[in-house]
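Here is the file entry-v9.txt (compact mmCIF, C-alpha atoms and all ligand atoms).
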# COMPACT_ATOMS: atom_id res chain seq x y z
CA MET W 1 -57.98 -46.23 40.96
CA THR W 2 -59.83 -45.93 44.26
CA ARG W 3 -62.68 -48.41 44.55
CA ARG W 4 -65.80 -47.76 46.57
CA VAL W 5 -66.46 -50.69 48.92
CA SER W 6 -69.14 -51.59 51.46
CA VAL W 7 -69.04 -54.37 54.05
CA PHE W 8 -72.27 -55.89 55.37
CA GLY W 9 -71.66 -57.78 58.61
CA ALA W 10 -68.49 -55.74 59.17
CA THR W 11 -68.32 -56.59 62.90
CA GLY W 12 -68.29 -60.36 62.31
CA SER W 13 -65.49 -62.80 61.59
CA ILE W 14 -65.63 -62.42 57.79
CA GLY W 15 -66.22 -58.68 58.12
CA ALA W 16 -63.13 -58.21 60.33
CA ASN W 17 -60.99 -60.21 57.89
CA THR W 18 -62.31 -58.09 55.02
CA LEU W 19 -61.50 -54.86 56.85
CA ASP W 20 -58.05 -56.25 57.64
CA LEU W 21 -57.33 -56.51 53.90
CA ILE W 22 -58.82 -53.07 53.21
CA ARG W 23 -56.68 -51.51 55.96
CA ARG W 24 -53.53 -52.88 54.34
CA ALA W 25 -54.13 -50.80 51.20
CA PRO W 26 -56.06 -47.74 52.45
CA ASP W 27 -55.39 -45.69 49.33
CA ASP W 28 -57.02 -48.31 47.11
CA TYR W 29 -60.44 -48.09 48.76
CA ARG W 30 -63.10 -45.63 49.80
CA VAL W 31 -65.47 -47.13 52.34
CA VAL W 32 -69.13 -46.37 51.65
CA ALA W 33 -71.16 -48.39 54.18
CA LEU W 34 -70.35 -50.63 57.12
CA THR W 35 -73.09 -52.57 58.90
CA GLY W 36 -73.23 -54.55 62.11
CA GLY W 37 -75.58 -55.83 64.77
CA ARG W 38 -75.07 -55.36 68.50
CA ASN W 39 -71.31 -54.77 68.51
CA ILE W 40 -71.62 -50.98 68.37
CA ALA W 41 -68.13 -50.31 69.74
CA ALA W 42 -66.47 -52.22 66.86
CA LEU W 43 -68.81 -50.76 64.25
CA ALA W 44 -68.19 -47.18 65.37
CA ARG W 45 -64.43 -47.72 65.72
CA ASP W 46 -64.11 -49.17 62.19
CA ALA W 47 -66.43 -46.59 60.62
CA ARG W 48 -64.45 -43.74 62.19
CA GLU W 49 -61.07 -45.17 61.31
CA LEU W 50 -61.99 -46.03 57.71
CA ARG W 51 -64.05 -42.84 57.30
CA ALA W 52 -67.14 -44.63 56.11
CA GLU W 53 -70.01 -42.58 54.69
CA VAL W 54 -72.53 -44.44 56.83
CA ALA W 55 -72.60 -47.00 59.65
CA VAL W 56 -75.76 -49.04 60.14
CA THR W 57 -76.78 -51.30 62.99
CA ALA W 58 -79.48 -53.90 62.40
CA HIS W 59 -81.16 -53.02 65.69
CA GLU W 60 -83.19 -49.83 66.23
CA ASP W 61 -82.54 -49.95 69.99
CA CYS W 62 -78.79 -49.66 69.30
CA LEU W 63 -79.14 -46.41 67.33
CA PRO W 64 -78.67 -43.97 70.27
CA ALA W 65 -75.42 -45.73 71.26
CA LEU W 66 -74.20 -45.70 67.65
CA ARG W 67 -75.05 -42.00 67.27
CA GLU W 68 -73.18 -41.21 70.45
CA ALA W 69 -70.14 -43.26 69.44
CA LEU W 70 -70.01 -41.53 66.06
CA ALA W 71 -70.61 -37.98 67.31
CA GLY W 72 -68.37 -35.47 65.57
CA SER W 73 -66.89 -38.07 63.20
CA GLY W 74 -68.85 -37.05 60.10
CA VAL W 75 -70.07 -40.66 59.69
CA GLU W 76 -73.85 -40.97 59.33
CA ALA W 77 -75.58 -43.37 61.73
CA ALA W 78 -78.67 -45.43 60.86
CA ALA W 79 -80.55 -48.49 62.12
CA GLY W 80 -82.93 -51.24 61.07
CA GLU W 81 -83.41 -53.63 58.16
CA ALA W 82 -84.67 -50.90 55.83
CA ALA W 83 -81.61 -48.76 56.58
CA ILE W 84 -79.35 -51.74 55.83
CA CYS W 85 -81.10 -52.15 52.47
CA GLU W 86 -80.75 -48.43 51.76
CA ALA W 87 -77.04 -48.71 52.50
CA ALA W 88 -76.85 -51.62 50.02
CA ALA W 89 -78.32 -49.34 47.36
CA ARG W 90 -75.57 -46.71 47.84
CA PRO W 91 -73.29 -46.87 44.82
CA ALA W 92 -70.26 -49.08 45.46
CA ASP W 93 -67.93 -51.04 43.16
CA TRP W 94 -67.55 -54.01 45.51
CA ILE W 95 -69.82 -55.15 48.32
CA MET W 96 -69.12 -57.85 50.88
CA SER W 97 -72.21 -59.79 51.98
CA ALA W 98 -71.20 -61.20 55.38
CA ILE W 99 -74.28 -60.85 57.56
CA VAL W 100 -75.01 -64.20 59.20
CA GLY W 101 -78.30 -65.97 58.42
CA ALA W 102 -81.38 -65.27 56.33
CA ALA W 103 -81.10 -61.54 57.18
CA GLY W 104 -78.37 -61.34 54.53
CA LEU W 105 -80.78 -61.88 51.63
CA PRO W 106 -82.61 -58.51 51.32
CA PRO W 107 -79.44 -56.34 51.33
CA GLY W 108 -77.75 -58.84 48.99
CA LEU W 109 -80.57 -58.39 46.49
CA LYS W 110 -80.46 -54.60 46.84
CA ALA W 111 -76.72 -54.65 46.18
CA LEU W 112 -77.18 -56.74 43.04
CA GLU W 113 -79.85 -54.35 41.78
CA GLN W 114 -77.20 -51.65 41.47
CA GLY W 115 -75.18 -53.93 39.17
CA THR W 116 -72.19 -54.15 41.49
CA THR W 117 -69.78 -56.98 42.30
CA LEU W 118 -71.10 -58.88 45.30
CA ALA W 119 -68.61 -60.95 47.28
CA LEU W 120 -70.93 -63.53 48.79
CA ALA W 121 -70.03 -65.06 52.14
CA ASN W 122 -73.68 -65.21 53.22
CA LYS W 123 -74.37 -68.73 51.96
CA GLU W 124 -77.87 -68.62 53.46
CA SER W 125 -79.05 -66.29 50.69
CA LEU W 126 -78.07 -68.81 47.99
CA VAL W 127 -79.66 -71.66 49.94
CA THR W 128 -82.94 -69.84 50.57
CA ALA W 129 -83.26 -68.00 47.26
CA GLY W 130 -80.57 -69.14 44.82
CA PRO W 131 -82.64 -68.71 41.62
CA LEU W 132 -83.82 -65.25 42.76
CA LEU W 133 -80.27 -64.11 43.51
CA LEU W 134 -78.86 -65.33 40.18
CA ARG W 135 -81.84 -63.90 38.26
CA THR W 136 -81.37 -60.51 39.93
CA ALA W 137 -77.64 -60.51 39.17
CA ALA W 138 -78.27 -61.38 35.51
CA ARG W 139 -80.98 -58.77 35.11
CA HIS W 140 -78.80 -55.96 36.46
CA GLY W 141 -75.45 -57.03 35.03
CA ALA W 142 -74.07 -57.68 38.52
CA THR W 143 -71.35 -60.20 39.37
CA ILE W 144 -71.45 -62.62 42.29
CA LEU W 145 -68.10 -63.94 43.53
CA PRO W 146 -68.17 -66.79 46.05
CA VAL W 147 -66.36 -66.23 49.34
CA ASP W 148 -67.14 -69.48 51.14
CA SER W 149 -63.72 -71.18 51.01
CA GLU W 150 -64.96 -74.31 49.21
CA HIS W 151 -66.84 -72.29 46.61
CA SER W 152 -63.98 -69.91 46.04
CA ALA W 153 -61.82 -73.02 45.56
CA ILE W 154 -64.25 -74.50 43.02
CA PHE W 155 -64.51 -71.16 41.24
CA GLN W 156 -60.72 -70.95 41.00
CA ALA W 157 -60.38 -74.59 39.88
CA LEU W 158 -62.98 -73.99 37.15
CA ARG W 159 -61.28 -70.96 35.65
CA GLY W 160 -60.37 -71.66 32.05
CA GLU W 161 -62.25 -74.99 32.01
CA ARG W 162 -65.32 -75.84 29.93
CA PRO W 163 -68.35 -76.54 32.18
CA GLU W 164 -69.44 -79.51 30.05
CA THR W 165 -66.28 -81.47 30.92
CA VAL W 166 -67.02 -81.32 34.67
CA GLU W 167 -68.07 -84.72 35.98
CA ARG W 168 -68.22 -84.01 39.70
CA ILE W 169 -67.40 -81.51 42.41
CA ILE W 170 -65.99 -82.66 45.74
CA ILE W 171 -66.12 -80.35 48.74
CA THR W 172 -64.13 -81.11 51.83
CA ALA W 173 -65.27 -80.93 55.46
CA SER W 174 -63.08 -80.82 58.54
CA GLY W 175 -65.60 -82.98 60.36
CA GLY W 176 -66.01 -80.33 63.07
CA ALA W 177 -65.57 -80.55 66.82
CA PHE W 178 -67.03 -84.04 67.22
CA ARG W 179 -65.56 -85.91 64.28
CA ASP W 180 -63.78 -88.37 66.59
CA TRP W 181 -66.37 -88.58 69.37
CA PRO W 182 -68.28 -91.85 69.83
CA ILE W 183 -71.63 -91.26 68.09
CA GLU W 184 -73.56 -92.27 71.26
CA ARG W 185 -72.02 -89.32 73.11
CA LEU W 186 -73.17 -86.66 70.60
CA ALA W 187 -76.48 -86.17 72.42
CA GLU W 188 -74.58 -84.85 75.47
CA ALA W 189 -72.47 -82.31 73.53
CA THR W 190 -72.69 -78.78 74.97
CA PRO W 191 -72.85 -75.52 72.96
CA GLU W 192 -69.42 -74.63 74.29
CA GLN W 193 -67.91 -77.90 73.05
CA ALA W 194 -69.63 -77.50 69.66
CA ALA W 195 -68.31 -73.96 69.24
CA THR W 196 -64.67 -75.07 69.13
CA HIS W 197 -63.38 -75.68 65.63
CA PRO W 198 -60.30 -77.85 65.03
CA ASN W 199 -58.92 -75.69 62.16
CA TRP W 200 -60.89 -72.56 61.33
CA ASP W 201 -61.50 -69.47 63.42
CA MET W 202 -65.06 -68.43 62.53
CA GLY W 203 -68.26 -66.97 64.01
CA GLN W 204 -70.02 -69.01 66.72
CA ARG W 205 -73.03 -70.06 64.61
CA ILE W 206 -71.05 -71.41 61.65
CA THR W 207 -68.68 -73.21 64.02
CA VAL W 208 -71.55 -75.10 65.65
CA ASP W 209 -72.95 -75.75 62.17
CA SER W 210 -69.58 -77.29 61.28
CA ALA W 211 -69.83 -79.74 64.18
CA SER W 212 -73.30 -80.86 63.03
CA MET W 213 -72.35 -80.52 59.32
CA PHE W 214 -75.39 -78.30 58.80
CA ASN W 215 -72.76 -75.95 57.42
CA LYS W 216 -71.65 -78.56 54.87
CA ALA W 217 -75.31 -79.29 54.09
CA LEU W 218 -75.81 -75.59 53.30
CA GLU W 219 -72.64 -75.66 51.20
CA VAL W 220 -73.80 -78.63 49.13
CA ILE W 221 -76.98 -76.71 48.29
CA GLU W 222 -74.90 -73.58 47.69
CA THR W 223 -72.76 -75.57 45.21
CA LYS W 224 -75.83 -76.78 43.35
CA GLU W 225 -77.32 -73.28 43.17
CA PHE W 226 -74.20 -71.33 42.30
CA PHE W 227 -72.53 -73.71 39.86
CA GLY W 228 -75.78 -75.20 38.48
CA ILE W 229 -74.51 -78.74 38.92
CA ASP W 230 -76.72 -81.79 39.37
CA PRO W 231 -76.88 -82.76 43.10
CA ASP W 232 -75.81 -86.34 42.27
CA ARG W 233 -72.49 -84.96 41.09
CA ILE W 234 -71.67 -83.20 44.36
CA GLU W 235 -69.67 -85.18 46.91
CA VAL W 236 -68.57 -84.40 50.46
CA ILE W 237 -65.39 -85.84 51.91
CA VAL W 238 -63.99 -85.48 55.42
CA HIS W 239 -60.50 -84.00 55.32
CA PRO W 240 -59.34 -83.27 58.88
CA GLU W 241 -56.36 -81.09 57.83
CA SER W 242 -58.60 -78.50 56.04
CA LEU W 243 -55.90 -77.73 53.46
CA VAL W 244 -57.63 -79.04 50.33
CA HIS W 245 -60.82 -76.98 50.09
CA ALA W 246 -62.49 -78.50 47.04
CA LEU W 247 -61.75 -80.58 43.96
CA VAL W 248 -63.24 -80.47 40.47
CA GLY W 249 -63.32 -83.79 38.62
CA HIS W 250 -63.32 -83.84 34.81
CA ARG W 251 -64.49 -86.53 32.41
CA ASP W 252 -60.87 -87.45 31.57
CA GLY W 253 -60.35 -88.48 35.21
CA ALA W 254 -58.36 -85.41 36.27
CA LEU W 255 -59.10 -83.91 39.68
CA ILE W 256 -58.14 -80.25 40.00
CA ALA W 257 -57.69 -79.49 43.70
CA HIS W 258 -57.40 -76.16 45.47
CA VAL W 259 -54.91 -76.28 48.34
CA GLY W 260 -54.31 -73.43 50.77
CA PRO W 261 -54.08 -72.52 54.45
CA PRO W 262 -57.33 -72.38 56.45
CA ASP W 263 -57.44 -68.57 56.41
CA MET W 264 -60.53 -66.80 55.08
CA ARG W 265 -58.41 -63.88 53.96
CA HIS W 266 -57.44 -66.01 50.97
CA ALA W 267 -60.99 -66.37 49.65
CA ILE W 268 -61.92 -62.79 50.61
CA GLY W 269 -58.74 -61.42 49.02
CA TYR W 270 -59.34 -63.45 45.87
CA ALA W 271 -62.81 -61.91 45.54
CA LEU W 272 -61.42 -58.46 46.32
CA SER W 273 -58.75 -58.52 43.61
CA PHE W 274 -60.56 -60.72 41.05
CA PRO W 275 -59.72 -61.24 38.19
CA ASP W 276 -56.21 -60.39 39.35
CA ARG W 277 -54.38 -62.13 42.20
CA ALA W 278 -53.01 -59.78 44.83
CA GLU W 279 -50.27 -60.64 47.31
CA LEU W 280 -52.03 -61.79 50.49
CA PRO W 281 -50.87 -62.01 54.12
CA VAL W 282 -51.59 -65.73 54.44
CA GLU W 283 -49.27 -68.56 55.44
CA ARG W 284 -47.27 -70.27 52.66
CA LEU W 285 -47.76 -74.01 53.15
CA ASN W 286 -44.72 -76.20 53.69
CA LEU W 287 -45.98 -79.48 52.23
CA ALA W 288 -42.95 -81.51 53.33
CA LYS W 289 -43.60 -80.41 56.91
CA ILE W 290 -47.31 -81.23 56.61
CA GLY W 291 -46.31 -84.65 55.29
CA SER W 292 -49.69 -86.20 54.58
CA LEU W 293 -53.24 -85.26 53.72
CA THR W 294 -56.00 -87.64 54.77
CA PHE W 295 -59.55 -88.18 53.55
CA ARG W 296 -62.49 -90.30 54.64
CA ASP W 297 -66.19 -90.65 53.90
CA PRO W 298 -68.58 -88.81 56.24
CA GLU W 299 -70.63 -91.21 58.38
CA GLU W 300 -74.36 -90.79 57.77
CA ALA W 301 -75.27 -91.48 61.40
CA ARG W 302 -72.88 -88.80 62.67
CA TYR W 303 -73.96 -86.20 60.14
CA PRO W 304 -77.72 -86.57 59.36
CA ALA W 305 -77.72 -82.97 58.01
CA LEU W 306 -76.07 -84.21 54.80
CA GLY W 307 -78.99 -86.54 54.05
CA LEU W 308 -81.41 -83.69 54.75
CA ALA W 309 -79.60 -81.51 52.18
CA ARG W 310 -80.16 -84.22 49.53
CA GLU W 311 -83.86 -84.26 50.41
CA VAL W 312 -84.07 -80.48 50.20
CA MET W 313 -82.43 -80.44 46.74
CA ARG W 314 -84.79 -83.20 45.58
CA ILE W 315 -87.81 -81.12 46.65
CA GLY W 316 -86.46 -77.82 45.30
CA GLY W 317 -88.54 -74.59 45.28
CA LEU W 318 -88.86 -73.18 48.78
CA ALA W 319 -87.41 -76.22 50.54
CA GLY W 320 -84.07 -74.39 50.92
CA ALA W 321 -85.78 -71.49 52.70
CA ALA W 322 -87.61 -73.88 55.05
CA PHE W 323 -84.41 -75.84 55.64
CA ASN W 324 -82.32 -72.80 56.52
CA ALA W 325 -84.97 -71.17 58.73
CA SER W 326 -85.70 -74.36 60.69
CA LYS W 327 -81.94 -74.91 61.05
CA GLU W 328 -81.52 -71.37 62.43
CA ALA W 329 -84.35 -71.93 64.93
CA ALA W 330 -82.97 -75.32 65.97
CA LEU W 331 -79.49 -73.82 66.37
CA ASP W 332 -80.88 -71.05 68.61
CA ALA W 333 -82.68 -73.66 70.71
CA PHE W 334 -79.48 -75.71 71.05
CA LEU W 335 -77.42 -72.62 71.97
CA ASP W 336 -80.08 -71.77 74.60
CA GLU W 337 -79.80 -75.36 75.88
CA ARG W 338 -83.46 -76.02 75.14
CA ILE W 339 -82.70 -79.05 72.95
CA ARG W 340 -79.81 -81.48 72.58
CA PHE W 341 -77.18 -81.35 69.83
CA THR W 342 -78.67 -84.38 68.08
CA ASP W 343 -82.20 -82.90 68.27
CA MET W 344 -81.32 -80.19 65.74
CA ALA W 345 -81.48 -82.59 62.78
CA ASP W 346 -84.75 -84.07 64.08
CA VAL W 347 -86.33 -80.61 64.28
CA VAL W 348 -85.29 -79.73 60.72
CA SER W 349 -86.35 -83.11 59.38
CA ARG W 350 -89.80 -82.73 60.99
CA VAL W 351 -90.27 -79.24 59.51
CA ILE W 352 -89.27 -80.36 56.00
CA GLU W 353 -91.58 -83.35 56.25
CA ILE W 354 -94.59 -81.24 57.31
CA MET W 355 -93.98 -78.37 54.93
CA SER W 356 -93.16 -80.50 51.89
CA ALA W 357 -96.62 -82.03 52.20
CA GLN W 358 -97.93 -78.48 51.76
CA GLY W 359 -96.29 -77.83 48.39
CA LEU W 360 -92.82 -76.40 49.00
CA ASP W 361 -91.74 -77.67 45.60
CA SER W 362 -94.23 -75.86 43.39
CA ALA W 363 -94.06 -72.27 44.70
CA ALA W 364 -92.23 -69.51 42.84
CA VAL W 365 -89.08 -68.30 44.59
CA ASP W 366 -89.36 -64.55 45.17
CA LEU W 367 -88.67 -62.37 48.20
CA ASP W 368 -92.27 -62.60 49.49
CA THR W 369 -92.61 -66.36 49.14
CA VAL W 370 -89.15 -66.89 50.66
CA ARG W 371 -90.12 -64.68 53.62
CA GLU W 372 -93.39 -66.59 54.10
CA ALA W 373 -91.66 -69.99 53.94
CA ASP W 374 -89.00 -68.73 56.36
CA LYS W 375 -91.64 -67.55 58.83
CA ALA W 376 -93.74 -70.71 58.56
CA ALA W 377 -90.65 -72.90 59.04
CA ARG W 378 -89.65 -71.02 62.20
CA ILE W 379 -93.17 -71.53 63.63
CA ARG W 380 -93.08 -75.25 62.76
CA ALA W 381 -89.59 -75.56 64.21
CA GLU W 382 -90.72 -73.93 67.46
CA GLU W 383 -93.56 -76.47 67.67
CA ALA W 384 -91.13 -79.33 67.12
CA ILE W 385 -88.75 -77.87 69.75
CA ASN W 386 -91.60 -77.53 72.27
CA ALA W 387 -92.72 -81.09 71.57
CA LEU W 388 -89.19 -82.35 72.27
CA GLN W 389 -89.04 -80.45 75.55
CA SER W 390 -92.37 -81.70 76.91
P1 LIG M 401 -70.36 -63.63 62.67
O1 LIG M 401 -71.39 -64.15 63.60
O2 LIG M 401 -68.96 -63.55 63.12
O3 LIG M 401 -70.78 -62.17 62.14
C1 LIG M 401 -72.07 -61.92 61.65
C2 LIG M 401 -72.26 -60.48 61.28
O4 LIG M 401 -73.64 -60.25 60.98
C3 LIG M 401 -71.90 -59.50 62.40
O5 LIG M 401 -71.50 -58.29 61.82
C4 LIG M 401 -73.25 -59.33 63.11
O6 LIG M 401 -73.31 -58.16 63.89
C5 LIG M 401 -74.17 -59.27 61.92
N1 LIG M 401 -75.55 -59.64 62.21
C6 LIG M 401 -75.99 -60.60 63.05
N2 LIG M 401 -77.34 -60.68 62.99
C7 LIG M 401 -77.75 -59.74 62.11
C8 LIG M 401 -79.03 -59.33 61.61
N3 LIG M 401 -80.16 -59.89 62.02
N4 LIG M 401 -79.07 -58.34 60.69
C9 LIG M 401 -77.94 -57.76 60.25
N5 LIG M 401 -76.71 -58.08 60.69
C10 LIG M 401 -76.62 -59.08 61.59
O7 LIG M 401 -70.49 -64.52 61.34
P2 LIG M 401 -69.36 -64.94 60.31
O8 LIG M 401 -68.53 -63.77 59.93
O9 LIG M 401 -68.72 -66.18 60.79
O10 LIG M 401 -70.25 -65.37 59.06
C11 LIG M 401 -70.88 -64.42 58.21
C12 LIG M 401 -71.43 -65.16 56.99
O11 LIG M 401 -70.32 -65.70 56.28
C13 LIG M 401 -72.33 -66.33 57.33
O12 LIG M 401 -73.30 -66.45 56.34
C14 LIG M 401 -71.39 -67.53 57.28
O13 LIG M 401 -72.06 -68.72 56.95
C15 LIG M 401 -70.46 -67.11 56.15
N6 LIG M 401 -69.15 -67.73 56.19
C16 LIG M 401 -68.32 -67.52 57.25
C17 LIG M 401 -67.06 -68.09 57.28
C18 LIG M 401 -66.11 -67.78 58.39
O14 LIG M 401 -64.93 -68.18 58.31
N7 LIG M 401 -66.49 -67.10 59.45
C19 LIG M 401 -66.60 -68.99 56.22
C20 LIG M 401 -67.53 -69.12 55.13
C21 LIG M 401 -68.75 -68.52 55.13
P3 LIG M 401 -72.88 -58.11 65.47
O15 LIG M 401 -71.79 -59.11 65.66
O16 LIG M 401 -72.42 -56.67 65.61
O17 LIG M 401 -74.09 -58.40 66.27
MG MG M 402 -67.09 -73.13 53.91
Before anything else, please render the file you have as structure tokens.
Ligand code: NDP
Ligand code: MG
Amino acid sequence: MTRRVSVFGATGSIGANTLDLIRRAPDDYRVVALTGGRNIAALARDARELRAEVAVTAHEDCLPALREALAGSGVEAAAGEAAICEAAARPADWIMSAIVGAAGLPPGLKALEQGTTLALANKESLVTAGPLLLRTAARHGATILPVDSEHSAIFQALRGERPETVERIIITASGGAFRDWPIERLAEATPEQAATHPNWDMGQRITVDSASMFNKALEVIETKEFFGIDPDRIEVIVHPESLVHALVGHRDGALIAHVGPPDMRHAIGYALSFPDRAELPVERLNLAKIGSLTFRDPEEARYPALGLAREVMRIGGLAGAAFNASKEAALDAFLDERIRFTDMADVVSRVIEIMSAQGLDSAAVDLDTVREADKAARIRAEEAINALQS
């Protein structure tokens, strides 16, 4: 049966991997909507080739270029956040949420409101508004399938198990670009150095977040929100080979590990064929050749983001929204070379400290309050960034 699919963030790293799998079985899918940002050439090319109903760019100023690139193709062109949300409301059986950042939340919610299956790569929406996302899915009979590799691994390891026997969840981290640098040198790290990942090929922002472990910090919160597990039972371990993605520990002492190549097409393909397992074009690991897998504890001084994630989970409420927004602002400032690599954690820490004194914990988590907290956190972050520069 042909399934109707939409891909949000189609021009990104996850989006391209998703389209790669769709292209391999063109008769199985009908593409409804593809969305992108500024990469109009890729968006128009994919929309034409896959005969999408509609292609949407996030930016109004890109609409003329998109219209021109799609002329005569029969694909509708649209632009702006509202158009992206409208595209998310178009009936589809499976929707990939792979926009980067907090901008992924509104279309994710719209998609869930139509009771679809949402493959969720956009971890920021779980971090900023986990309860809202899960509530919306439950209310509309929608399904959320995790796409982040660690969460897909946990999800797979949990299949057939009883939740009450789970004692702990361990997620692995490669350690990022600077795992072996002397800690004193981290302050000098450049955006270019931070954007090089030892194992995974990903978008620029998440790669820099891997070097700082802000990505792992988001993933710890994502684990708490999605699997409803107590934060004290979530552990992070550095595993430089990036072959074990997560482990689930049971009360009888068993650890069920998920092992696979560092290729996002595994997790995307798993979500695409769930509950079945399709044949996927990923490497088959030769364990004898790999020889050994190594693990070590993350150093707190190297990765202050992990401690901040604990603080955010302790506060709860809108702390996740403030955390993510201040992290996004700090990341922009680092990429623009306005602050140093090590300043990012200080900016986020300062924002959480100020905003938690103003009652982040007590507020209800809905789209309006999340948007307000996001906005306030970006303003606070900008103040902290300016203070560091002066
Ligand atoms: P990329 O930066 O490669 O792609 C991001 C996508 O979002 C692009 O299509 C981009 O458009 C679009 N976009 C950017 N800004 C906006 C906006 N304001 N509104 C709407 N669309 C926008 O990111 P990744 O593919 O690496 O990551 C996507 C998501 O998946 C993130 O949440 C990330 O954390 C998560 N993820 C990624 C993994 C990976 O391996 N890459 C692994 C696990 C999770 P354009 O490029 O055209 O401007
Ligand atoms: Mg991940």
> Once you count all atoms listed in the file, which residues end up within 9 Å of ligand MG 402 (chain M), and could you hand them over as a PyMOL selection string?
Replying inline: chain W and resi 121+123+147-151+171-173+206+210+215-216+219+245
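Every protein or nucleic acid residue with an atom no more than 8 Å from Val7 of chain W, counting all atoms listed in the file and leaving out same-chain residues fewer than 5 positions away, appears here: Gly15, Thr18, Ala33, Leu34, Thr35, Ile95, Met96, Ser97 and Ala98 of chain W.
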Considering all atoms listed in the file, tabulate each residue of chain W that lies at most 8 Å from ligand LIG 401 (chain M) along with its nearest interatomic pair and the corresponding distance in Å to one decimal; arrange the rows by chain and ascending residue number and present them as JSON lines.
{"residue": "W:Phe8", "atom": "CA", "partner": "M:LIG401", "partner_atom": "O5", "distance": 6.9}
{"residue": "W:Gly9", "atom": "CA", "partner": "M:LIG401", "partner_atom": "O5", "distance": 3.3}
{"residue": "W:Ala10", "atom": "CA", "partner": "M:LIG401", "partner_atom": "O5", "distance": 4.8}
{"residue": "W:Thr11", "atom": "CA", "partner": "M:LIG401", "partner_atom": "O5", "distance": 3.8}
{"residue": "W:Gly12", "atom": "CA", "partner": "M:LIG401", "partner_atom": "O3", "distance": 3.1}
{"residue": "W:Ser13", "atom": "CA", "partner": "M:LIG401", "partner_atom": "O8", "distance": 3.6}
{"residue": "W:Ile14", "atom": "CA", "partner": "M:LIG401", "partner_atom": "O8", "distance": 3.8}
{"residue": "W:Gly15", "atom": "CA", "partner": "M:LIG401", "partner_atom": "O8", "distance": 5.9}
{"residue": "W:Ala16", "atom": "CA", "partner": "M:LIG401", "partner_atom": "O8", "distance": 7.8}
{"residue": "W:Thr35", "atom": "CA", "partner": "M:LIG401", "partner_atom": "O5", "distance": 6.6}
{"residue": "W:Gly36", "atom": "CA", "partner": "M:LIG401", "partner_atom": "O6", "distance": 4.0}
{"residue": "W:Gly37", "atom": "CA", "partner": "M:LIG401", "partner_atom": "O17", "distance": 3.3}
{"residue": "W:Arg38", "atom": "CA", "partner": "M:LIG401", "partner_atom": "O17", "distance": 3.9}
{"residue": "W:Asn39", "atom": "CA", "partner": "M:LIG401", "partner_atom": "O16", "distance": 3.6}
{"residue": "W:Ile40", "atom": "CA", "partner": "M:LIG401", "partner_atom": "O16", "distance": 6.4}
{"residue": "W:Ala42", "atom": "CA", "partner": "M:LIG401", "partner_atom": "O16", "distance": 7.5}
{"residue": "W:Leu43", "atom": "CA", "partner": "M:LIG401", "partner_atom": "O16", "distance": 7.1}
{"residue": "W:Thr57", "atom": "CA", "partner": "M:LIG401", "partner_atom": "C9", "distance": 7.1}
{"residue": "W:Ala58", "atom": "CA", "partner": "M:LIG401", "partner_atom": "C9", "distance": 4.7}
{"residue": "W:His59", "atom": "CA", "partner": "M:LIG401", "partner_atom": "N4", "distance": 7.6}
{"residue": "W:Glu81", "atom": "CA", "partner": "M:LIG401", "partner_atom": "N4", "distance": 6.9}
{"residue": "W:Ile84", "atom": "CA", "partner": "M:LIG401", "partner_atom": "C9", "distance": 7.6}
{"residue": "W:Ser97", "atom": "CA", "partner": "M:LIG401", "partner_atom": "C12", "distance": 7.4}
{"residue": "W:Ala98", "atom": "CA", "partner": "M:LIG401", "partner_atom": "C12", "distance": 4.3}
{"residue": "W:Ile99", "atom": "CA", "partner": "M:LIG401", "partner_atom": "O4", "distance": 3.5}
{"residue": "W:Val100", "atom": "CA", "partner": "M:LIG401", "partner_atom": "C13", "distance": 3.9}
{"residue": "W:Gly101", "atom": "CA", "partner": "M:LIG401", "partner_atom": "O12", "distance": 5.4}
{"residue": "W:Ala102", "atom": "CA", "partner": "M:LIG401", "partner_atom": "N3", "distance": 7.9}
{"residue": "W:Ala103", "atom": "CA", "partner": "M:LIG401", "partner_atom": "N4", "distance": 5.2}
{"residue": "W:Gly104", "atom": "CA", "partner": "M:LIG401", "partner_atom": "C9", "distance": 6.8}
{"residue": "W:Leu120", "atom": "CA", "partner": "M:LIG401", "partner_atom": "O11", "distance": 7.8}
{"residue": "W:Ala121", "atom": "CA", "partner": "M:LIG401", "partner_atom": "O11", "distance": 4.2}
{"residue": "W:Asn122", "atom": "CA", "partner": "M:LIG401", "partner_atom": "O12", "distance": 3.4}
{"residue": "W:Lys123", "atom": "CA", "partner": "M:LIG401", "partner_atom": "O12", "distance": 5.1}
{"residue": "W:Glu124", "atom": "CA", "partner": "M:LIG401", "partner_atom": "O12", "distance": 5.8}
{"residue": "W:Val147", "atom": "CA", "partner": "M:LIG401", "partner_atom": "C20", "distance": 6.6}
{"residue": "W:Asp148", "atom": "CA", "partner": "M:LIG401", "partner_atom": "C20", "distance": 4.0}
{"residue": "W:Ser149", "atom": "CA", "partner": "M:LIG401", "partner_atom": "C20", "distance": 6.0}
{"residue": "W:Trp200", "atom": "CA", "partner": "M:LIG401", "partner_atom": "O14", "distance": 6.7}
{"residue": "W:Asp201", "atom": "CA", "partner": "M:LIG401", "partner_atom": "O14", "distance": 6.3}
{"residue": "W:Met202", "atom": "CA", "partner": "M:LIG401", "partner_atom": "N7", "distance": 3.6}
{"residue": "W:Gly203", "atom": "CA", "partner": "M:LIG401", "partner_atom": "O9", "distance": 3.3}
{"residue": "W:Gln204", "atom": "CA", "partner": "M:LIG401", "partner_atom": "O1", "distance": 5.9}
{"residue": "W:Arg205", "atom": "CA", "partner": "M:LIG401", "partner_atom": "O1", "distance": 6.2}
{"residue": "W:Ile206", "atom": "CA", "partner": "M:LIG401", "partner_atom": "O13", "distance": 5.5}
{"residue": "W:Thr207", "atom": "CA", "partner": "M:LIG401", "partner_atom": "O9", "distance": 7.7}
{"residue": "W:Asn215", "atom": "CA", "partner": "M:LIG401", "partner_atom": "O13", "distance": 7.3}
{"residue": "W:Asp263", "atom": "CA", "partner": "M:LIG401", "partner_atom": "O14", "distance": 7.7}
{"residue": "W:Met264", "atom": "CA", "partner": "M:LIG401", "partner_atom": "O14", "distance": 5.6}
